[in-house]
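What follows is the content of query_17.json (JSON, C-alpha atoms and all ligand atoms).
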```json
[["chain", "number", "residue", "atom", "x", "y", "z"],
["A", 60, "MET", "CA", 15.36, 7.75, 0.39],
["A", 61, "ARG", "CA", 13.61, 10.92, -0.60],
["A", 62, "VAL", "CA", 10.99, 12.61, 1.59],
["A", 63, "ILE", "CA", 8.52, 15.05, 0.08],
["A", 64, "CYS", "CA", 6.63, 17.10, 2.64],
["A", 65, "VAL", "CA", 3.37, 18.63, 1.43],
["A", 66, "ASP", "CA", 0.72, 20.72, 3.14],
["A", 67, "ASN", "CA", -2.25, 18.42, 3.19],
["A", 68, "TYR", "CA", -4.01, 15.26, 2.06],
["A", 69, "GLU", "CA", -5.02, 16.74, -1.31],
["A", 70, "GLN", "CA", -1.46, 17.65, -2.22],
["A", 71, "MET", "CA", -0.22, 14.24, -1.10],
["A", 72, "SER", "CA", -2.85, 12.56, -3.29],
["A", 73, "GLN", "CA", -2.03, 14.71, -6.32],
["A", 74, "LYS", "CA", 1.71, 14.12, -6.04],
["A", 75, "ALA", "CA", 1.25, 10.38, -5.65],
["A", 76, "ALA", "CA", -1.17, 10.24, -8.59],
["A", 77, "ARG", "CA", 1.30, 12.12, -10.77],
["A", 78, "MET", "CA", 4.03, 9.62, -9.93],
["A", 79, "VAL", "CA", 1.81, 6.65, -10.72],
["A", 80, "ALA", "CA", 0.59, 8.38, -13.90],
["A", 81, "SER", "CA", 4.19, 9.03, -15.00],
["A", 82, "GLN", "CA", 4.99, 5.38, -14.44],
["A", 83, "THR", "CA", 2.10, 4.31, -16.70],
["A", 84, "ILE", "CA", 3.20, 6.77, -19.39],
["A", 85, "LEU", "CA", 6.87, 5.75, -19.25],
["A", 86, "LYS", "CA", 6.01, 2.04, -19.25],
["A", 87, "PRO", "CA", 2.44, 1.34, -20.40],
["A", 88, "ASP", "CA", 2.69, -2.32, -19.36],
["A", 89, "SER", "CA", 3.91, -1.48, -15.86],
["A", 90, "VAL", "CA", 3.31, -3.82, -12.95],
["A", 91, "LEU", "CA", 1.84, -1.73, -10.15],
["A", 92, "GLY", "CA", 1.69, -2.77, -6.50],
["A", 93, "LEU", "CA", -1.40, -1.22, -4.94],
["A", 94, "ALA", "CA", -2.59, -0.47, -1.42],
["A", 95, "THR", "CA", -6.00, -0.03, 0.18],
["A", 96, "GLY", "CA", -7.11, 1.87, 3.30],
["A", 97, "SER", "CA", -8.03, 5.54, 3.68],
["A", 98, "THR", "CA", -4.70, 6.97, 2.58],
["A", 99, "PRO", "CA", -4.65, 6.16, -1.17],
["A", 100, "LEU", "CA", -8.34, 6.99, -1.79],
["A", 101, "GLY", "CA", -7.53, 10.54, -2.94],
["A", 102, "MET", "CA", -4.76, 9.23, -5.20],
["A", 103, "TYR", "CA", -7.19, 6.82, -6.87],
["A", 104, "LYS", "CA", -9.68, 9.68, -7.40],
["A", 105, "GLU", "CA", -6.95, 11.77, -9.06],
["A", 106, "LEU", "CA", -5.90, 8.85, -11.27],
["A", 107, "ILE", "CA", -9.51, 8.31, -12.35],
["A", 108, "LYS", "CA", -9.72, 12.02, -13.28],
["A", 109, "SER", "CA", -6.54, 11.75, -15.37],
["A", 110, "TYR", "CA", -7.87, 8.63, -17.06],
["A", 111, "GLU", "CA", -11.19, 10.30, -17.85],
["A", 112, "ALA", "CA", -9.33, 13.30, -19.26],
["A", 113, "GLY", "CA", -7.48, 10.91, -21.59],
["A", 114, "HIS", "CA", -4.05, 11.53, -20.09],
["A", 115, "ILE", "CA", -3.38, 7.96, -18.98],
["A", 116, "ASP", "CA", -4.31, 4.47, -20.05],
["A", 117, "PHE", "CA", -4.46, 1.23, -18.06],
["A", 118, "GLU", "CA", -5.08, -1.14, -21.00],
["A", 119, "GLU", "CA", -1.78, -2.97, -20.51],
["A", 120, "ILE", "CA", -1.22, -2.33, -16.80],
["A", 121, "ILE", "CA", -0.97, -5.28, -14.42],
["A", 122, "SER", "CA", -1.68, -4.77, -10.73],
["A", 123, "PHE", "CA", -0.99, -6.69, -7.55],
["A", 124, "ASN", "CA", -2.56, -5.64, -4.28],
["A", 125, "LEU", "CA", -0.61, -5.85, -1.07],
["A", 126, "ASP", "CA", -3.11, -7.75, 0.98],
["A", 127, "GLU", "CA", -6.57, -9.12, 1.66],
["A", 128, "TYR", "CA", -8.43, -10.10, 4.81],
["A", 129, "TYR", "CA", -8.61, -13.80, 5.54],
["A", 130, "ASP", "CA", -11.93, -15.56, 5.01],
["A", 131, "LEU", "CA", -13.91, -12.55, 3.82],
["A", 132, "ASP", "CA", -16.07, -12.97, 0.71],
["A", 133, "LYS", "CA", -14.99, -10.91, -2.29],
["A", 134, "ASP", "CA", -18.39, -9.21, -2.37],
["A", 135, "ASN", "CA", -18.21, -8.27, 1.31],
["A", 136, "GLU", "CA", -18.04, -4.47, 1.30],
["A", 137, "GLN", "CA", -15.05, -4.58, 3.63],
["A", 138, "SER", "CA", -12.99, -6.87, 1.41],
["A", 139, "TYR", "CA", -10.09, -5.27, -0.41],
["A", 140, "ASP", "CA", -11.37, -6.85, -3.60],
["A", 141, "TYR", "CA", -14.59, -4.84, -3.21],
["A", 142, "TYR", "CA", -12.61, -1.72, -2.25],
["A", 143, "MET", "CA", -10.40, -1.88, -5.35],
["A", 144, "LYS", "CA", -13.34, -2.44, -7.70],
["A", 145, "THR", "CA", -15.50, 0.33, -6.29],
["A", 146, "ASN", "CA", -12.75, 2.88, -5.70],
["A", 147, "PHE", "CA", -10.57, 2.30, -8.75],
["A", 148, "PHE", "CA", -10.82, -0.64, -11.13],
["A", 149, "ASN", "CA", -14.47, -0.10, -12.16],
["A", 150, "HIS", "CA", -13.62, 3.45, -13.23],
["A", 151, "ILE", "CA", -10.61, 2.78, -15.46],
["A", 152, "ASN", "CA", -9.83, 0.48, -18.38],
["A", 153, "ILE", "CA", -7.61, -2.00, -16.54],
["A", 154, "LYS", "CA", -8.40, -5.57, -17.63],
["A", 155, "ASN", "CA", -10.01, -7.65, -14.92],
["A", 156, "GLU", "CA", -7.62, -10.53, -15.66],
["A", 157, "ASN", "CA", -4.67, -8.18, -15.09],
["A", 158, "THR", "CA", -5.71, -7.29, -11.54],
["A", 159, "ASN", "CA", -4.48, -9.50, -8.72],
["A", 160, "ILE", "CA", -5.52, -9.54, -5.09],
["A", 161, "PRO", "CA", -4.61, -12.37, -2.70],
["A", 162, "ASN", "CA", -7.54, -14.73, -2.26],
["A", 163, "GLY", "CA", -8.33, -14.66, 1.44],
["A", 164, "LYS", "CA", -10.88, -17.45, 0.91],
["A", 165, "ALA", "CA", -8.40, -19.91, -0.62],
["A", 166, "ASP", "CA", -8.63, -23.43, 0.86],
["A", 167, "ASP", "CA", -4.87, -23.69, 0.89],
["A", 168, "ILE", "CA", -3.44, -20.34, 1.99],
["A", 169, "LEU", "CA", 0.16, -21.54, 1.75],
["A", 170, "LYS", "CA", -0.36, -22.49, -1.89],
["A", 171, "GLU", "CA", -2.20, -19.21, -2.55],
["A", 172, "ALA", "CA", 0.75, -17.30, -1.08],
["A", 173, "MET", "CA", 3.29, -19.21, -3.18],
["A", 174, "ASP", "CA", 1.19, -18.79, -6.33],
["A", 175, "TYR", "CA", 0.91, -15.06, -5.65],
["A", 176, "GLU", "CA", 4.68, -14.72, -5.40],
["A", 177, "ARG", "CA", 5.14, -16.73, -8.58],
["A", 178, "LYS", "CA", 2.62, -14.56, -10.45],
["A", 179, "ILE", "CA", 4.48, -11.39, -9.41],
["A", 180, "ARG", "CA", 7.77, -12.92, -10.57],
["A", 181, "ASP", "CA", 6.24, -14.13, -13.86],
["A", 182, "ALA", "CA", 4.90, -10.63, -14.52],
["A", 183, "GLY", "CA", 8.47, -9.34, -14.28],
["A", 184, "GLY", "CA", 8.31, -8.03, -10.70],
["A", 185, "LEU", "CA", 6.73, -4.85, -9.35],
["A", 186, "ASP", "CA", 7.75, -1.68, -11.18],
["A", 187, "LEU", "CA", 6.16, 0.65, -8.67],
["A", 188, "GLN", "CA", 4.74, -0.22, -5.27],
["A", 189, "VAL", "CA", 2.38, 2.19, -3.50],
["A", 190, "LEU", "CA", 2.33, 1.87, 0.29],
["A", 191, "GLY", "CA", 0.45, 3.33, 3.21],
["A", 192, "ILE", "CA", 1.75, 2.89, 6.74],
["A", 193, "GLY", "CA", 0.10, 1.65, 9.90],
["A", 194, "ARG", "CA", 0.31, 3.58, 13.16],
["A", 195, "ASN", "CA", 2.56, 0.77, 14.37],
["A", 196, "GLY", "CA", 4.77, 1.09, 11.28],
["A", 197, "HIS", "CA", 3.31, -1.84, 9.37],
["A", 198, "ILE", "CA", 3.57, -1.95, 5.58],
["A", 199, "GLY", "CA", 1.17, -4.23, 3.80],
["A", 200, "PHE", "CA", -0.03, -6.25, 6.75],
["A", 201, "ASN", "CA", 3.51, -6.95, 7.93],
["A", 202, "GLU", "CA", 2.98, -6.26, 11.60],
["A", 203, "PRO", "CA", 5.78, -5.53, 14.11],
["A", 204, "ASP", "CA", 7.52, -8.82, 14.77],
["A", 205, "LEU", "CA", 10.79, -10.44, 15.80],
["A", 206, "LYS", "CA", 11.77, -11.02, 12.18],
["A", 207, "PHE", "CA", 10.94, -9.65, 8.74],
["A", 208, "GLU", "CA", 8.47, -11.98, 7.02],
["A", 209, "ALA", "CA", 9.92, -12.44, 3.56],
["A", 210, "SER", "CA", 7.25, -13.54, 1.14],
["A", 211, "THR", "CA", 3.48, -13.49, 0.82],
["A", 212, "HIS", "CA", 2.12, -15.11, 3.96],
["A", 213, "MET", "CA", -0.73, -15.38, 6.43],
["A", 214, "VAL", "CA", -0.68, -12.67, 9.11],
["A", 215, "ARG", "CA", -2.28, -12.34, 12.51],
["A", 216, "LEU", "CA", -3.37, -8.71, 12.75],
["A", 217, "ASP", "CA", -2.17, -6.61, 15.67],
["A", 218, "GLU", "CA", -4.68, -5.38, 18.22],
["A", 219, "GLN", "CA", -3.79, -1.84, 17.17],
["A", 220, "THR", "CA", -4.54, -2.63, 13.50],
["A", 221, "ILE", "CA", -7.82, -4.33, 14.38],
["A", 222, "LYS", "CA", -8.81, -1.28, 16.44],
["A", 223, "ASP", "CA", -7.73, 1.15, 13.71],
["A", 224, "ASN", "CA", -9.55, -0.76, 10.97],
["A", 225, "SER", "CA", -12.72, -1.22, 13.02],
["A", 226, "ARG", "CA", -13.76, 2.24, 11.76],
["A", 227, "PHE", "CA", -14.78, 0.53, 8.50],
["A", 228, "PHE", "CA", -16.83, -2.19, 10.24],
["A", 229, "ASP", "CA", -20.02, -2.08, 12.35],
["A", 230, "ASN", "CA", -18.26, -3.62, 15.37],
["A", 231, "VAL", "CA", -14.67, -4.28, 16.30],
["A", 232, "GLU", "CA", -15.61, -7.99, 16.59],
["A", 233, "ASP", "CA", -16.38, -8.02, 12.86],
["A", 234, "VAL", "CA", -12.80, -7.12, 11.87],
["A", 235, "PRO", "CA", -11.01, -10.24, 10.62],
["A", 236, "THR", "CA", -8.10, -11.15, 12.86],
["A", 237, "LYS", "CA", -6.04, -12.58, 10.02],
["A", 238, "ALA", "CA", -5.01, -11.51, 6.54],
["A", 239, "ILE", "CA", -2.81, -12.61, 3.66],
["A", 240, "SER", "CA", -0.10, -10.11, 2.82],
["A", 241, "MET", "CA", 2.87, -9.62, 0.54],
["A", 242, "GLY", "CA", 6.03, -10.00, 2.60],
["A", 243, "VAL", "CA", 8.77, -7.48, 3.24],
["A", 244, "LYS", "CA", 11.01, -9.12, 0.66],
["A", 245, "THR", "CA", 8.25, -8.96, -1.96],
["A", 246, "ILE", "CA", 7.86, -5.23, -1.27],
["A", 247, "MET", "CA", 11.61, -4.58, -1.16],
["A", 248, "HIS", "CA", 12.01, -6.19, -4.58],
["A", 249, "ALA", "CA", 9.81, -3.50, -6.15],
["A", 250, "LYS", "CA", 11.91, -1.29, -8.42],
["A", 251, "LYS", "CA", 10.39, 1.89, -7.01],
["A", 252, "ILE", "CA", 8.34, 2.49, -3.89],
["A", 253, "ILE", "CA", 6.20, 5.44, -2.85],
["A", 254, "LEU", "CA", 4.85, 5.56, 0.69],
["A", 255, "LEU", "CA", 2.01, 7.94, 1.53],
["A", 256, "ALA", "CA", 1.12, 9.19, 4.99],
["A", 257, "SER", "CA", -1.38, 11.73, 6.19],
["A", 258, "GLY", "CA", -2.50, 12.74, 9.66],
["A", 259, "LYS", "CA", -0.90, 13.21, 13.06],
["A", 260, "GLU", "CA", -1.53, 9.62, 14.11],
["A", 261, "LYS", "CA", 1.12, 8.58, 11.56],
["A", 262, "ALA", "CA", 3.80, 11.06, 12.78],
["A", 263, "ASP", "CA", 5.60, 8.65, 15.14],
["A", 264, "ALA", "CA", 5.67, 5.81, 12.61],
["A", 265, "ILE", "CA", 7.00, 8.17, 9.93],
["A", 266, "TYR", "CA", 9.70, 9.52, 12.24],
["A", 267, "GLU", "CA", 10.82, 6.01, 13.23],
["A", 268, "ALA", "CA", 10.67, 4.73, 9.64],
["A", 269, "ILE", "CA", 13.02, 7.50, 8.50],
["A", 270, "TYR", "CA", 15.33, 7.99, 11.49],
["A", 271, "GLY", "CA", 14.82, 4.90, 13.63],
["A", 272, "LYS", "CA", 16.76, 1.70, 13.86],
["A", 273, "ILE", "CA", 16.07, -0.75, 11.05],
["A", 274, "THR", "CA", 14.06, -3.36, 12.87],
["A", 275, "PRO", "CA", 11.16, -5.77, 12.25],
["A", 276, "ASN", "CA", 9.58, -4.05, 15.25],
["A", 277, "LEU", "CA", 8.86, -1.17, 12.89],
["A", 278, "PRO", "CA", 8.53, -2.87, 9.50],
["A", 279, "ALA", "CA", 8.62, 0.37, 7.46],
["A", 280, "SER", "CA", 12.14, 1.05, 8.76],
["A", 281, "VAL", "CA", 13.41, -1.56, 6.28],
["A", 282, "LEU", "CA", 12.64, 0.95, 3.51],
["A", 283, "GLN", "CA", 15.78, 2.87, 4.54],
["A", 284, "LEU", "CA", 17.61, 0.12, 2.65],
["A", 285, "HIS", "CA", 15.63, 0.47, -0.58],
["A", 286, "PRO", "CA", 17.48, 2.23, -3.40],
["A", 287, "ASP", "CA", 14.48, 4.11, -4.82],
["A", 288, "VAL", "CA", 11.87, 5.04, -2.24],
["A", 289, "VAL", "CA", 9.92, 8.28, -1.89],
["A", 290, "PHE", "CA", 7.85, 9.19, 1.17],
["A", 291, "ILE", "CA", 5.07, 11.72, 0.49],
["A", 292, "VAL", "CA", 3.89, 13.03, 3.85],
["A", 293, "ASP", "CA", 1.53, 15.82, 4.78],
["A", 294, "LYS", "CA", 2.15, 18.45, 7.46],
["A", 295, "GLU", "CA", 0.67, 16.42, 10.29],
["A", 296, "ALA", "CA", 2.41, 13.18, 9.39],
["A", 297, "SER", "CA", 5.72, 15.05, 9.06],
["A", 298, "SER", "CA", 5.27, 17.02, 12.29],
["A", 299, "ARG", "CA", 8.22, 15.25, 13.98],
["A", 300, "LEU", "CA", 10.54, 15.78, 11.01],
["A", 301, "ASP", "CA", 12.79, 18.77, 10.44],
["A", 302, "VAL", "CA", 11.24, 19.54, 7.08],
["A", 303, "ASP", "CA", 13.71, 22.28, 6.05],
["A", 304, "LYS", "CA", 16.66, 20.04, 6.83],
["A", 305, "ILE", "CA", 15.07, 17.12, 4.99],
["A", 306, "ASN", "CA", 14.41, 19.22, 1.91],
["A", 307, "LYS", "CA", 18.08, 20.24, 1.86],
["A", 308, "GLU", "CA", 19.40, 16.75, 2.57],
["A", 309, "PHE", "CA", 17.23, 14.69, 0.29],
["A", 310, "LEU", "CA", 16.23, 16.88, -2.65],
["A", 401, "LIG", "C1", -3.49, -1.56, 2.95],
["A", 401, "LIG", "C2", -2.30, -1.84, 3.72],
["A", 401, "LIG", "C3", -2.01, -1.16, 5.01],
["A", 401, "LIG", "C4", -2.47, 0.29, 5.06],
["A", 401, "LIG", "C5", -2.23, 0.87, 6.45],
["A", 401, "LIG", "C6", -2.71, 2.30, 6.56],
["A", 401, "LIG", "O1", -3.51, -2.34, 1.76],
["A", 401, "LIG", "O2", -1.53, -2.65, 3.31],
["A", 401, "LIG", "O3", -0.64, -1.23, 5.28],
["A", 401, "LIG", "O4", -1.76, 1.02, 4.09],
["A", 401, "LIG", "O5", -2.89, 0.10, 7.39],
["A", 401, "LIG", "O6", -4.10, 2.33, 6.45],
["A", 401, "LIG", "P1", -4.90, 3.71, 6.31],
["A", 401, "LIG", "O7", -4.49, 4.28, 4.98],
["A", 401, "LIG", "O8", -6.33, 3.32, 6.32],
["A", 401, "LIG", "O9", -4.47, 4.55, 7.45]]
```
Write out the structure in this file as structure tokens.
Amino acid sequence: MRVICVDNYEQMSQKAARMVASQTILKPDSVLGLATGSTPLGMYKELIKSYEAGHIDFEEIISFNLDEYYDLDKDNEQSYDYYMKTNFFNHINIKNENTNIPNGKADDILKEAMDYERKIRDAGGLDLQVLGIGRNGHIGFNEPDLKFEASTHMVRLDEQTIKDNSRFFDNVEDVPTKAISMGVKTIMHAKKIILLASGKEKADAIYEAIYGKITPNLPASVLQLHPDVVFIVDKEASSRLDVDKINKEFL
């Protein structure tokens, strides 16, 4: 594991965008695993800038998103489908048919989950997975649990997650209580992983993910076992880490 501590959200976004950009340059038909939420918004903006400047190209890129709310229409402004189109896909030259987001409206969620896994495998697996982290240490929508959920599956969202995500909705009652999410095994099979975190509310989860026991109670802790994972954390999110020591140990 490598931990890169930066000053602020802008630096985190720039670093992450450079890593994703490098991946697309090194392998133009890369399979990218993408996240939603507040954290990667700056990274998407930076990637759009690089694309507009002609530095990167998404013509052959394939993407798989981590998750989608259950039973929300694609054109609902809170759906992750809508988020990805408005914040990223509509501004770059990725082919619509190469973008994949779990269908939270599928009649048969079990089949949807199995098909999603198969599609990722058929595409050759994830080359680079971008992650955010929940305050409770969730990755994707893999909430703290008694066991690691392996593959893409239906999730019941934690109260904490529902509360946190209610900032995007008019009322907390409008937040879906379920979602469909890649599993921990799906994420761990990615060849490379970058996890972004910004803000003091993420400091405990980041500390536990790096130094804590590896436990499904803090899903991100499993990343300690991944052979190629980079955390990019800003000052506030890294406030419980000994940054000098980390820079010596990991760099
Ligand atoms: C989003 C996702 C979640 C978020 C996490 C942090 O696709 O899978 O794990 O990354 O909830 O969300 P923000 O960035 O809004 O704090």
Mind running segment 213-253 of chain A against segment 130-145 of chain A at 12 Å and telling me each contacting residue's nearest atom pair with the distance in Å (one decimal), counting all atoms listed in the file, chain and number ascending, as CSV?
```
residue,atom,partner,partner_atom,distance
A:Met213,CA,A:Asp130,CA,11.3
A:Asn224,CA,A:Gln137,CA,9.9
A:Ser225,CA,A:Gln137,CA,10.2
A:Arg226,CA,A:Gln137,CA,10.7
A:Phe227,CA,A:Gln137,CA,7.1
A:Phe228,CA,A:Gln137,CA,7.3
A:Asp229,CA,A:Gln137,CA,10.3
A:Asp233,CA,A:Gln137,CA,9.9
A:Val234,CA,A:Gln137,CA,8.9
A:Pro235,CA,A:Leu131,CA,7.7
A:Thr236,CA,A:Asp130,CA,9.8
A:Lys237,CA,A:Asp130,CA,8.3
A:Ala238,CA,A:Asp130,CA,8.2
A:Ile239,CA,A:Asp130,CA,9.7
A:Ser240,CA,A:Tyr139,CA,11.6
```
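Of the listed residues (A:Leu106, A:Ile120, A:Leu190, A:Leu169), A:Leu190 comes nearest to ligand LIG 401 (chain A); the distances count all atoms listed in the file.
Proximal residues of ligand LIG 401 (chain A) are A:Ala94, A:Thr95, A:Gly96, A:Ser97, A:Thr98, A:Leu125, A:Asp126, A:Leu190, A:Gly191, A:Ile192, A:Gly193, A:His197, A:Ile198, A:Gly199, A:Phe200, by a cut-off of 6 Å on all atoms listed in the file.
Among the candidate residues A:Leu187, A:Ile121, A:Ile273, A:Ala279, the one lying nearest to Asn152 of chain A is A:Ile121, with distances computed using only C-alpha atoms.
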Contact residues around Lys259 of chain A with all atoms listed in the file at 10 Å, ignoring same-chain residues under 6 positions, as a VMD selection string: chain A and resid 194 265 293 to 299
Å distance separating atom CA of Thr274 of chain A from atom CA of His212 of chain A, one decimal place: 19.0 Å
Straight-line distance linking atom CA of Leu255 of chain A with atom CA of Glu156 of chain A, stated in Å to one decimal: 27.0 Å
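Remark: for Glu176 of chain A, the closest of the candidate residues A:Thr158, A:Gln70, A:Ser81, A:Ser210 is A:Ser210 (distances computed over only C-alpha atoms).
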